[in-house]
Amino acid sequence: MGKIILTGDRPTGKLHLGHYVGSLKRRVELQNSGEYDKIFIMIADAQALTDNADNPEKVRQNIIEVALDYMSCGLDPAKSTLFIQSQVPQLYELTAYYMNLVTVSRLQRNPTVKSEIQMRNFEASIPVGFFTYPISQASDITAFQATTVPVGEDQMPMLEQTREIVHKFNSVYGETLTMPNILLPDNQACMRLPGTDGKAKMSKSLGNCIYLSDEPEEVRKKIMSMYTDPNHIRVQDPGSIEGNTVFQYLDAFSRPEHFERYLPDYANLDELKAHYQRGGLGDVKVKKFLNNVLQEELEPIRARRKELQKDIPAIYDILNKGCETAREAAAKTLHDVRAAMKINYFEDAALIAEQAEKYGKE
Ligand code: TRP
């Protein structure tokens, strides 16, 4: 059967560093590892519409942004199928069948849905489509018989729910769907990159993101105004690295060779942290180092994006072809699903013969 990856993002904005460390960078490594037989990367526009129903223009505009971000990070359409969720109708059909296997109370217990309902002030009036998006996410994953779903830890409850649906489907209708596994980022610091303001998560609405397509000067400005330790006032004061955004970013991005290049007084991050905690190391110096580290990481991404932007119709073309490939793969699964659910009447010669015989006897 092989190893198959399915993952994706909602096109509600350009992708930022949180997406990058949480999932994007890993996807590119997985893609280039050659260990996977098929890789599907989905732009989840239909899911984006579940809480942006009144703003289709936003979703539409961001398709190309996400595609450009994907490809500038190194996702390669020759190796990975990049496609758009809404163009694969099989996903909706699958969702409709899965809905019979999930209870309302189970959806209400999904922690991601719970917190998103709060975040969006949906308490009093949750759109049904939004409420059921975990089911549709299970369709996304299973339609491609994905074995591996590389995502950030915020998606853990979604994977749990998907696995339950797979288990239920297979036990009711017979072994049909592949049980997927979540693949979390391997570096702890990458599990959740905070916003530049120190808040738990990068989020467009909080305005605390560094975007992959930000110009160098924007990146620098955002870093220089980053949240650190509010009690670290004078350089000689001891500073705290816990909850210190700059150090959390360094945990995620810095490598020993960065010290060699930009801060040779220190061999590694541990030494830098120790000095900060002891006192005598100013925020500005640490921020300048982080700026060097991030600029080095972002420069090739930005350069590739500029190249890709020169031929936008080609990007749409790639997506269009990806949708075709995705439809073919999903259609195969739907065929098996329909057979398992016994709704493949016209293919079922035994059924037709049985009915004919039943009536032939009279
Ligand atoms: N929920 C994901 C996000 O918000 C997007 C997504 C939709 C997804 N379907 C998926 C991710 C299936 C992994 C697998 O970014």
# chains A, B, ... in the order shown; residues from 1 in each chain; ligands from 1

$ closest_atom_pairs --of "chain A" --to "ligand 1" --cutoff "9 Å" --atoms "only C-alpha atoms and all ligand atoms" --output "CSV"
residue,atom,partner,partner_atom_place_in_ligand_line,distance
A:Leu6,CA,ligand 1,14 (C),5.9
A:Thr7,CA,ligand 1,13 (C),3.8
A:Gly8,CA,ligand 1,11 (C),4.3
A:Asp9,CA,ligand 1,15 (O),3.8
A:Arg10,CA,ligand 1,15 (O),5.1
A:Pro11,CA,ligand 1,15 (O),8.5
A:His19,CA,ligand 1,15 (O),8.5
A:Ile41,CA,ligand 1,13 (C),8.6
A:Met42,CA,ligand 1,10 (C),7.2
A:Ile43,CA,ligand 1,5 (C),7.6
A:Ala44,CA,ligand 1,7 (C),5.1
A:Asp45,CA,ligand 1,7 (C),8.5
A:Ala46,CA,ligand 1,7 (C),8.6
A:Gln47,CA,ligand 1,7 (C),6.2
A:Ala48,CA,ligand 1,4 (O),7.9
A:Gln85,CA,ligand 1,9 (N),8.2
A:Tyr133,CA,ligand 1,7 (C),8.3
A:Pro134,CA,ligand 1,1 (N),8.0
A:Ser136,CA,ligand 1,9 (N),7.3
A:Gln137,CA,ligand 1,9 (N),4.4
A:Ala138,CA,ligand 1,12 (C),6.9
A:Ser139,CA,ligand 1,12 (C),8.0
A:Asp140,CA,ligand 1,12 (C),5.3
A:Ile141,CA,ligand 1,12 (C),5.4
A:Val149,CA,ligand 1,14 (C),6.1
A:Pro150,CA,ligand 1,13 (C),7.1
A:Val151,CA,ligand 1,13 (C),6.1
A:Gly152,CA,ligand 1,15 (O),8.5
A:Asp154,CA,ligand 1,4 (O),8.7
A:Gln155,CA,ligand 1,1 (N),6.6
A:Met158,CA,ligand 1,1 (N),7.7
A:Leu159,CA,ligand 1,14 (C),7.9

$ write_last_selection --atoms "N, CA and C atoms" --output "compact mmCIF listing (two decimals), in the first residue's frame"
# COMPACT_ATOMS: atom_id res chain seq x y z
N LEU A 6 -0.85 13.14 3.79
CA LEU A 6 -1.84 14.18 3.47
C LEU A 6 -1.76 15.22 4.55
N THR A 7 -1.64 16.46 4.15
CA THR A 7 -1.74 17.54 5.13
C THR A 7 -2.14 18.81 4.39
N GLY A 8 -2.38 19.88 5.15
CA GLY A 8 -2.79 21.09 4.47
C GLY A 8 -2.99 22.26 5.40
N ASP A 9 -3.42 23.37 4.83
CA ASP A 9 -3.62 24.60 5.58
C ASP A 9 -4.83 25.35 5.06
N ARG A 10 -5.45 26.09 5.96
CA ARG A 10 -6.56 26.96 5.53
C ARG A 10 -6.00 28.21 4.86
N PRO A 11 -6.54 28.56 3.72
CA PRO A 11 -6.03 29.77 3.05
C PRO A 11 -6.71 31.03 3.57
N HIS A 19 3.68 28.49 10.93
CA HIS A 19 3.41 27.41 9.98
C HIS A 19 4.72 26.72 9.57
N ILE A 41 -0.72 17.68 -0.63
CA ILE A 41 -0.74 18.90 0.17
C ILE A 41 -1.96 19.72 -0.26
N MET A 42 -2.84 19.94 0.69
CA MET A 42 -4.14 20.49 0.36
C MET A 42 -4.32 21.93 0.86
N ILE A 43 -4.81 22.77 -0.01
CA ILE A 43 -5.22 24.11 0.42
C ILE A 43 -6.69 23.99 0.83
N ALA A 44 -6.94 24.10 2.14
CA ALA A 44 -8.25 23.75 2.69
C ALA A 44 -9.22 24.93 2.61
N ASP A 45 -9.60 25.26 1.38
CA ASP A 45 -10.48 26.43 1.20
C ASP A 45 -11.88 26.17 1.75
N ALA A 46 -12.39 24.94 1.57
CA ALA A 46 -13.73 24.64 2.07
C ALA A 46 -13.75 24.74 3.59
N GLN A 47 -12.68 24.28 4.21
CA GLN A 47 -12.61 24.40 5.67
C GLN A 47 -12.50 25.87 6.08
N ALA A 48 -11.76 26.64 5.32
CA ALA A 48 -11.65 28.08 5.62
C ALA A 48 -13.02 28.75 5.55
N GLN A 85 -8.99 21.92 -1.86
CA GLN A 85 -10.01 21.03 -1.26
C GLN A 85 -11.35 21.08 -1.99
N TYR A 133 -16.53 20.38 11.02
CA TYR A 133 -15.31 20.32 10.19
C TYR A 133 -14.34 19.21 10.58
N PRO A 134 -14.34 18.77 11.85
CA PRO A 134 -13.47 17.62 12.13
C PRO A 134 -13.84 16.39 11.30
N SER A 136 -15.10 16.53 8.27
CA SER A 136 -14.62 16.78 6.91
C SER A 136 -13.10 16.61 6.85
N GLN A 137 -12.44 16.92 7.96
CA GLN A 137 -10.99 16.71 7.99
C GLN A 137 -10.66 15.21 7.95
N ALA A 138 -11.51 14.42 8.56
CA ALA A 138 -11.32 12.97 8.48
C ALA A 138 -11.46 12.50 7.03
N SER A 139 -12.36 13.13 6.30
CA SER A 139 -12.51 12.80 4.88
C SER A 139 -11.25 13.17 4.10
N ASP A 140 -10.72 14.36 4.38
CA ASP A 140 -9.50 14.80 3.69
C ASP A 140 -8.40 13.75 3.83
N ILE A 141 -8.27 13.26 5.06
CA ILE A 141 -7.16 12.35 5.36
C ILE A 141 -7.41 10.97 4.75
N VAL A 149 0.18 12.00 8.77
CA VAL A 149 -0.35 13.36 8.71
C VAL A 149 0.57 14.29 9.51
N PRO A 150 1.50 14.95 8.83
CA PRO A 150 2.40 15.84 9.55
C PRO A 150 1.71 17.18 9.82
N VAL A 151 1.49 17.47 11.09
CA VAL A 151 0.80 18.70 11.48
C VAL A 151 1.35 19.19 12.82
N GLY A 152 0.94 20.38 13.22
CA GLY A 152 1.29 20.91 14.53
C GLY A 152 0.44 20.25 15.60
N ASP A 154 -1.60 21.37 17.63
CA ASP A 154 -2.99 21.84 17.75
C ASP A 154 -3.95 20.94 16.97
N GLN A 155 -3.41 20.15 16.05
CA GLN A 155 -4.26 19.28 15.24
C GLN A 155 -4.43 17.87 15.84
N MET A 158 -7.92 16.53 16.12
CA MET A 158 -8.49 16.22 14.80
C MET A 158 -8.08 14.82 14.36
N LEU A 159 -6.82 14.51 14.60
CA LEU A 159 -6.33 13.18 14.23
C LEU A 159 -6.99 12.10 15.07

$ residues_around --residues "range 232-246 of chain A" --least-positions-apart "6" --cutoff "6 Å" --atoms "only C-alpha atoms" --output "PyMOL selection string"
chain A and resi 198+276-282

$ write_last_selection --atoms "all heavy atoms" --output "mmCIF file, in the first residue's frame"
data_model
loop_
_atom_site.group_PDB
_atom_site.id
_atom_site.type_symbol
_atom_site.label_atom_id
_atom_site.label_comp_id
_atom_site.auth_asym_id
_atom_site.auth_seq_id
_atom_site.Cartn_x
_atom_site.Cartn_y
_atom_site.Cartn_z
ATOM 1 N N GLY A 198 4.745 37.555 22.384
ATOM 2 C CA GLY A 198 4.823 36.622 23.501
ATOM 3 C C GLY A 198 3.542 35.837 23.719
ATOM 4 O O GLY A 198 3.515 34.914 24.525
ATOM 5 N N TYR A 276 22.756 35.352 29.664
ATOM 6 C CA TYR A 276 21.548 36.177 29.828
ATOM 7 C C TYR A 276 20.995 36.029 31.238
ATOM 8 O O TYR A 276 20.631 37.004 31.899
ATOM 9 C CB TYR A 276 20.504 35.743 28.798
ATOM 10 C CG TYR A 276 19.324 36.685 28.658
ATOM 11 C CD1 TYR A 276 19.425 37.840 27.868
ATOM 12 C CD2 TYR A 276 18.116 36.421 29.296
ATOM 13 C CE1 TYR A 276 18.342 38.701 27.722
ATOM 14 C CE2 TYR A 276 17.030 37.272 29.155
ATOM 15 C CZ TYR A 276 17.138 38.406 28.365
ATOM 16 O OH TYR A 276 16.064 39.257 28.229
ATOM 17 N N GLN A 277 20.977 34.811 31.713
ATOM 18 C CA GLN A 277 20.420 34.547 33.050
ATOM 19 C C GLN A 277 21.306 35.132 34.155
ATOM 20 O O GLN A 277 20.817 35.596 35.177
ATOM 21 C CB GLN A 277 20.265 33.035 33.264
ATOM 22 C CG GLN A 277 19.109 32.473 32.453
ATOM 23 C CD GLN A 277 19.069 30.962 32.455
ATOM 24 O OE1 GLN A 277 20.074 30.302 32.179
ATOM 25 N NE2 GLN A 277 17.929 30.384 32.766
ATOM 26 N N ARG A 278 22.612 35.115 33.899
ATOM 27 C CA ARG A 278 23.580 35.668 34.860
ATOM 28 C C ARG A 278 23.474 37.184 34.938
ATOM 29 O O ARG A 278 23.735 37.794 35.952
ATOM 30 C CB ARG A 278 24.970 35.326 34.305
ATOM 31 C CG ARG A 278 25.912 34.737 35.258
ATOM 32 C CD ARG A 278 27.246 34.268 34.728
ATOM 33 N NE ARG A 278 27.807 34.818 33.522
ATOM 34 C CZ ARG A 278 28.022 34.096 32.421
ATOM 35 N NH1 ARG A 278 27.641 32.835 32.359
ATOM 36 N NH2 ARG A 278 28.584 34.652 31.367
ATOM 37 N N GLY A 279 23.124 37.802 33.823
ATOM 38 C CA GLY A 279 23.152 39.260 33.732
ATOM 39 C C GLY A 279 24.356 39.698 32.921
ATOM 40 O O GLY A 279 25.343 38.972 32.806
ATOM 41 N N GLY A 280 24.251 40.876 32.317
ATOM 42 C CA GLY A 280 25.363 41.395 31.531
ATOM 43 C C GLY A 280 25.180 41.208 30.034
ATOM 44 O O GLY A 280 26.056 41.550 29.245
ATOM 45 N N LEU A 281 24.057 40.684 29.638
ATOM 46 C CA LEU A 281 23.783 40.509 28.205
ATOM 47 C C LEU A 281 22.476 41.234 27.867
ATOM 48 O O LEU A 281 21.432 40.943 28.436
ATOM 49 C CB LEU A 281 23.677 39.014 27.873
ATOM 50 C CG LEU A 281 23.277 38.639 26.435
ATOM 51 C CD1 LEU A 281 24.264 39.223 25.420
ATOM 52 C CD2 LEU A 281 23.216 37.125 26.280
ATOM 53 N N GLY A 282 22.575 42.183 26.947
ATOM 54 C CA GLY A 282 21.409 43.014 26.617
ATOM 55 C C GLY A 282 20.500 42.368 25.590
ATOM 56 O O GLY A 282 20.952 41.561 24.770
#

$ closest_residue --among "A:Leu17, A:Val337, A:Ile63, A:Ile84" --to "Glu175 in chain A" --atoms "only C-alpha atoms"
A:Val337

$ closest_residue --among "A:Ser105, A:Gln31, A:Thr112, A:Ser213" --to "Asp76 in chain A" --atoms "only C-alpha atoms"
A:Gln31

$ residues_around --residues "Leu193 in chain A" --least-positions-apart "6" --cutoff "12 Å" --atoms "only C-alpha atoms" --output "NGL selection string"
:A and (16-23 or 152-154 or 185 or 187 or 199-203 or 208-210 or 243-253)
